[in-house]
Structure formats: structure tokens, C-alpha cells
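Quick look at structure-v5.txt (compact mmCIF, C-alpha atoms):
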# COMPACT_ATOMS: atom_id res chain seq x y z
CA MET A 139 35.05 54.83 20.44
CA PRO A 140 38.82 54.51 19.88
CA SER A 141 41.15 52.46 22.00
CA THR A 142 44.95 52.65 22.11
CA ARG A 143 47.24 49.94 20.74
CA ARG A 144 51.02 49.69 20.53
CA ASP A 145 52.63 49.62 17.08
CA ARG A 146 53.08 46.06 15.71
CA ALA A 147 56.85 46.42 15.47
CA GLY A 148 56.92 47.00 19.22
CA GLU A 149 58.10 50.57 18.85
CA ASP A 150 57.18 53.13 21.45
CA ILE A 151 54.42 54.53 19.25
CA GLU A 152 50.80 54.30 20.27
CA ARG A 153 47.93 54.86 17.93
CA ASP A 154 44.23 55.30 18.36
CA VAL A 155 42.48 52.38 16.70
CA LEU A 156 38.82 51.56 16.44
CA ASP A 157 37.21 49.39 19.06
CA LEU A 158 34.92 47.56 16.64
CA GLY A 159 32.83 46.19 19.49
CA GLY A 160 31.72 49.73 20.33
CA TYR A 161 31.76 51.36 16.88
CA VAL A 162 28.21 51.72 15.54
CA PRO A 163 29.20 52.13 11.83
CA TYR A 164 30.97 48.76 11.99
CA PHE A 165 27.81 46.99 13.11
CA LEU A 166 25.62 48.81 10.59
CA THR A 167 28.00 47.96 7.75
CA ALA A 168 28.54 44.33 8.77
CA ILE A 169 24.82 43.69 9.17
CA SER A 170 23.90 45.53 5.96
CA ASN A 171 26.58 43.86 3.83
CA THR A 172 25.79 40.34 5.07
CA TRP A 173 22.06 40.90 4.77
CA SER A 174 22.35 42.28 1.23
CA ARG A 175 24.76 39.63 -0.06
CA SER A 176 22.80 36.72 1.39
CA SER A 177 19.50 38.20 0.21
CA SER A 178 20.81 38.76 -3.29
CA ARG A 179 22.16 35.22 -3.52
CA LEU A 180 18.89 33.73 -2.28
CA TYR A 181 16.66 35.92 -4.46
CA LEU A 182 18.77 35.18 -7.54
CA GLU A 183 18.61 31.43 -6.89
CA ARG A 184 14.87 31.38 -6.19
CA PHE A 185 13.48 34.16 -8.38
CA GLY A 186 16.13 35.29 -10.85
CA VAL A 187 16.37 38.81 -9.42
CA GLY A 188 18.91 40.37 -7.11
CA VAL A 189 18.44 42.50 -4.04
CA THR A 190 18.55 45.76 -6.03
CA GLU A 191 15.72 44.57 -8.28
CA TRP A 192 13.79 43.56 -5.15
CA ARG A 193 14.28 47.03 -3.67
CA VAL A 194 13.03 48.63 -6.88
CA MET A 195 10.02 46.32 -6.98
CA SER A 196 9.17 46.90 -3.33
CA GLN A 197 9.20 50.68 -3.83
CA LEU A 198 7.02 50.35 -6.94
CA ALA A 199 4.52 48.30 -4.94
CA ILE A 200 4.43 51.09 -2.34
CA GLU A 201 4.32 53.93 -4.90
CA PRO A 202 3.10 52.73 -8.31
CA GLY A 203 3.85 54.92 -11.32
CA ILE A 204 6.92 56.78 -10.09
CA PRO A 205 10.13 57.79 -11.90
CA ALA A 206 13.43 56.05 -11.17
CA GLN A 207 14.65 59.23 -9.46
CA ARG A 208 12.00 58.81 -6.77
CA ILE A 209 13.29 55.29 -6.04
CA CYS A 210 16.80 56.71 -5.67
CA GLU A 211 15.53 59.34 -3.21
CA VAL A 212 13.62 56.91 -1.03
CA ILE A 213 15.99 53.98 -0.80
CA GLY A 214 19.25 55.80 -1.33
CA LEU A 215 20.46 53.78 -4.28
CA ASP A 216 22.74 55.06 -7.02
CA LYS A 217 20.92 56.28 -10.15
CA GLY A 218 22.85 53.86 -12.35
CA ALA A 219 21.95 50.86 -10.19
CA VAL A 220 18.26 51.77 -10.22
CA SER A 221 18.34 52.34 -13.98
CA ARG A 222 20.01 48.96 -14.64
CA SER A 223 17.61 47.17 -12.31
CA ALA A 224 14.58 48.84 -13.84
CA ALA A 225 15.80 47.88 -17.34
CA THR A 226 16.27 44.28 -16.21
CA LEU A 227 12.78 44.21 -14.71
CA VAL A 228 11.25 45.79 -17.84
CA ALA A 229 13.00 43.22 -20.05
CA ALA A 230 11.68 40.40 -17.83
CA GLY A 231 8.14 41.78 -18.07
CA HIS A 232 7.88 42.59 -14.34
CA VAL A 233 7.86 46.38 -14.76
CA ALA A 234 6.22 48.59 -17.38
CA GLU A 235 7.35 52.06 -18.42
CA ARG A 236 5.11 54.88 -19.56
CA PRO A 237 5.86 58.51 -20.35
CA ASP A 238 5.27 61.07 -17.63
CA ASP A 239 2.49 63.43 -18.79
CA ARG A 240 4.18 66.33 -16.94
CA ASP A 241 7.72 65.70 -18.28
CA ALA A 242 8.14 63.89 -21.60
CA ARG A 243 11.80 63.17 -20.80
CA ARG A 244 10.84 61.02 -17.79
CA GLN A 245 9.48 57.51 -17.70
CA LEU A 246 7.18 56.35 -14.93
CA LEU A 247 7.58 52.81 -13.69
CA GLU A 248 4.98 50.41 -12.39
CA LEU A 249 4.76 46.73 -11.64
CA THR A 250 2.98 44.51 -14.16
CA PRO A 251 0.75 41.63 -13.05
CA SER A 252 3.78 39.30 -13.22
CA GLY A 253 5.73 41.89 -11.23
CA TYR A 254 3.12 41.92 -8.50
CA ALA A 255 3.10 38.11 -8.44
CA LEU A 256 6.88 38.06 -8.06
CA HIS A 257 6.69 40.83 -5.45
CA ASP A 258 4.24 38.79 -3.39
CA ARG A 259 6.57 35.77 -3.39
CA LEU A 260 9.59 37.91 -2.54
CA ILE A 261 7.92 39.83 0.28
CA ALA A 262 7.05 36.59 2.04
CA LEU A 263 10.71 35.52 1.96
CA ALA A 264 12.00 39.00 2.91
CA THR A 265 9.72 39.27 5.94
CA ALA A 266 10.61 35.72 7.04
CA ARG A 267 14.30 36.71 6.95
CA GLU A 268 13.51 39.85 8.95
CA GLN A 269 11.73 37.75 11.57
CA LEU A 270 14.76 35.45 11.76
CA MET A 271 17.05 38.43 12.45
CA LEU A 272 14.71 39.80 15.13
CA GLU A 273 14.13 36.48 16.87
CA GLY A 274 14.53 36.91 20.61
CA PHE A 275 13.61 40.61 20.56
CA SER A 276 10.50 41.54 22.50
CA PRO A 277 7.88 43.71 20.77
CA GLN A 278 9.11 46.64 22.90
CA GLU A 279 12.73 46.01 21.85
CA ARG A 280 11.70 45.87 18.19
CA ALA A 281 9.87 49.18 18.55
CA GLN A 282 12.89 50.68 20.33
CA LEU A 283 15.25 49.42 17.62
CA LEU A 284 13.06 50.95 14.91
CA ASP A 285 12.95 54.21 16.84
CA PHE A 286 16.76 54.28 17.07
CA LEU A 287 17.12 53.49 13.36
CA ARG A 288 14.60 56.17 12.37
CA ARG A 289 16.46 58.70 14.49
CA MET A 290 19.75 57.72 12.86
CA GLN A 291 18.15 57.95 9.42
CA ALA A 292 16.92 61.44 10.24
CA ARG A 293 20.56 62.42 10.85
CA LEU A 294 21.66 61.35 7.36
CA PRO A 295 21.38 64.84 5.84
CA ALA A 296 23.76 66.18 8.52
CA LEU A 297 26.12 63.29 7.84
CA ARG A 298 26.06 63.94 4.09
CA ASP A 299 26.75 67.64 4.68
CA PHE A 300 29.47 67.10 7.29
CA ALA A 301 32.78 68.60 6.22
CA PRO A 302 35.41 69.10 8.92
CA PRO A 303 37.77 72.04 8.54
CA SER A 304 40.47 71.22 6.01
CA ASP A 305 43.27 71.89 8.50
CA GLU A 306 42.21 68.83 10.49
CA GLY A 307 44.25 66.22 8.64
CA PRO A 308 44.89 62.70 9.83
CA ALA A 309 46.05 62.51 13.41
CA GLU A 310 49.75 61.93 13.96
CA PRO A 311 50.78 58.92 16.04
CA HIS A 312 51.66 59.75 19.62
CA GLN A 313 55.35 59.31 20.44
CA ARG A 314 55.91 57.85 23.87
CA ARG A 315 58.83 59.25 25.81
Will you turn the file into C-alpha cells for me?
Amino acid sequence: MPSTRRDRAGEDIERDVLDLGGYVPYFLTAISNTWSRSSSRLYLERFGVGVTEWRVMSQLAIEPGIPAQRICEVIGLDKGAVSRSAATLVAAGHVAERPDDRDARRQLLELTPSGYALHDRLIALATAREQLMLEGFSPQERAQLLDFLRRMQARLPALRDFAPPSDEGPAEPHQRR
């Protein structure tokens, strides 16, 4: 929701600027960035893996024996990031690769016993951090928040496909008379 502010130089030009307190993408980005950075730092210090490796491991615990592409689809990570994380986890002995019987060009990934052990330690910390963030929310509020987030997630294909007409360039500042 934009609000109007006067130009810094005090000129008689007003511009629409974001009201961050009412702009949903701001909150989603701020929460996501802080959560990811602090998680990565903590997981690296405690377990030697970052948040991307944790995301790969958590998806492999949910769906053992899947290709890296499936991880990209589910958690929305870049193919390169998933590939690097998988290689790191394979090198550390936490993930094993095996050829896909249906497509020899693809490797299927699965957690090893040490990967599952690490996963179990990480999930305890991840869920404790989630509980910290949701402290003070009633069970009904938590359910409502999840419902809102699921509904927003369902809109992601429309967001990815959104392309305004090309003649709608950046808005011109409004000259006050």
C-alpha cells in the first residue's frame, strides 16, 4: 500500500513510496532473510552445514531416493545451489547417490545413516526455532497463519507468470501546481 512523500530536496514533487508497515512482501522478505541467515550461521557453527544443506536433507528425509530436480521443485531453490549442497553432503558422507534406473543421466539422492543422524539433530533445533517464532500465537492463530501462507504459496504460479503490459513503465512523479 503506497503512501505519498515529498521529495527530499523540498521541491513540489510528490512520489508514491512504499509504506513498509503495510507491505506484505517486506515482511515476508525480512522474516525469511533473517531466519535463513541466523539458521545458516547456527547450523554451520553446530553441525558444519548451512541452511541450504539442511533444506536438501529435510527434503531427502521426506522423499528418499529423489533427483536433485525434485528438491528444486519442492523447495524452490536454484538448481546450482541444490547441486552444490548435494555435492557437499555426498563428500561429507551424509548423502549417497545412485543412478536412476529409468534415466541413466540422473542421480537419485538419499540420506545415509550419518545423514539421518545429522537430520535428527537438526530437526530438533529447527523446530525449537519455529516454536520461538510462534510463541504467543494461539493454536487457532497458528492454523490461520498456515492457511494464509498456503494460500499465498498457491498463488506463486500466477506471480511467476505475471507480466504487465510493456507500455506500463515506471510511474512519473506527480508535479504539484
Item to check | Nearest to Ser170 (chain A), chosen from A:Val220, A:Val189, A:Ile209, A:Glu273, with only C-alpha atoms counted in the distances | outcome: A:Val189
Item to check | Point-to-point distance in Å for CA of Leu263 (chain A) and CA of Glu279 (chain A) | outcome: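 It comes out at 22.6 Å.
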Next on the checklist: Can you pull out the residues contacting Leu180 (chain A)? Cut-off 12 Å, using all atoms listed in the file, and skip same-chain residues under 5 positions away; I want them as a list of chain:residue names.
Outcome noted: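 Here the qualifying residues turn out to be A:Trp173, A:Ser174, A:Arg175, A:Phe185, A:Gly186, A:Val187, A:Gly188, A:Val189, A:Trp192, A:Leu260, A:Leu263, A:Ala264, A:Arg267.
For the pair CA of Gln269 (chain A) and CA of Arg289 (chain A), the interatomic distance is 21.7 Å.
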Checklist entry - Using all atoms listed in the file, which of the listed residues (A:Leu215, A:Ala255, A:Leu270, A:Ile261) sits closest to Val194 (chain A)? => result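 Selected residue with least distance to Val194 (chain A): A:Leu215.
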Checklist entry - Excluding same-chain residues fewer than 6 positions from Asp258 (chain A), what lies within 12 Å of it counting only C-alpha atoms, as a count of residues only? => result 10
Next on the checklist: Between CA of Ala234 (chain A) and CA of Glu248 (chain A), what is the distance in Å, rounded to a tenth?
Outcome noted: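 Computed distance, CA of Ala234 (chain A) to CA of Glu248 (chain A), equals 5.5 Å.
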Write out as a PDB file with C-alpha atoms, keeping the file's coordinate frame which residues come within 10 Å of Gly218 (chain A) when counting all atoms listed in the file, dropping same-chain ones fewer than 6 positions away.
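File written: out_23.pdb
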ATOM      1  CA  ALA A 206      13.430  56.050 -11.170  1.00  0.00           C
ATOM      2  CA  CYS A 210      16.800  56.710  -5.670  1.00  0.00           C
ATOM      3  CA  ALA A 224      14.580  48.840 -13.840  1.00  0.00           C
TER       4      ALA A 224
END
Just the residues within 9 Å of Arg244 (chain A), please, counting all atoms listed in the file, with nothing from its chain fewer than 5 positions along; format it as a tab-separated table (two decimals) with C-alpha atoms, in the frame of the given file.
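Result saved to out_7.tsv:
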chain	number	residue	atom	x	y	z
A	205	PRO	CA	10.13	57.79	-11.90
A	206	ALA	CA	13.43	56.05	-11.17
A	236	ARG	CA	5.11	54.88	-19.56
A	237	PRO	CA	5.86	58.51	-20.35
A	238	ASP	CA	5.27	61.07	-17.63
A	239	ASP	CA	2.49	63.43	-18.79
Item to check | Given only C-alpha atoms as the counted atoms, nearest of A:Met271, A:Val233, A:Leu297, A:Ala266 to Gly203 (chain A) | outcome: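 So, comparing all the options, the nearest one is A:Val233.
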Name all residues at most 12 Å from Val162 (chain A) (count only C-alpha atoms; drop same-chain ones fewer than 4 positions away) and give them as a PDB file with C-alpha atoms, keeping the file's coordinate frame.
ATOM      1  CA  MET A 139      35.050  54.830  20.440  1.00  0.00           C
ATOM      2  CA  PRO A 140      38.820  54.510  19.880  1.00  0.00           C
ATOM      3  CA  LEU A 156      38.820  51.560  16.440  1.00  0.00           C
ATOM      4  CA  ASP A 157      37.210  49.390  19.060  1.00  0.00           C
ATOM      5  CA  LEU A 158      34.920  47.560  16.640  1.00  0.00           C
ATOM      6  CA  LEU A 166      25.620  48.810  10.590  1.00  0.00           C
ATOM      7  CA  THR A 167      28.000  47.960   7.750  1.00  0.00           C
ATOM      8  CA  ALA A 168      28.540  44.330   8.770  1.00  0.00           C
ATOM      9  CA  ILE A 169      24.820  43.690   9.170  1.00  0.00           C
ATOM     10  CA  PHE A 286      16.760  54.280  17.070  1.00  0.00           C
ATOM     11  CA  LEU A 287      17.120  53.490  13.360  1.00  0.00           C
ATOM     12  CA  MET A 290      19.750  57.720  12.860  1.00  0.00           C
TER      13      MET A 290
END
Expected axis-aligned box over every listed atom of region 223-229 of chain A, 5 Å added per side, centre plus edges in Å to one decimal, as JSON:
{"center_x": 14.4, "center_y": 46.0, "center_z": -16.2, "size_x": 16.4, "size_y": 15.6, "size_z": 17.7}
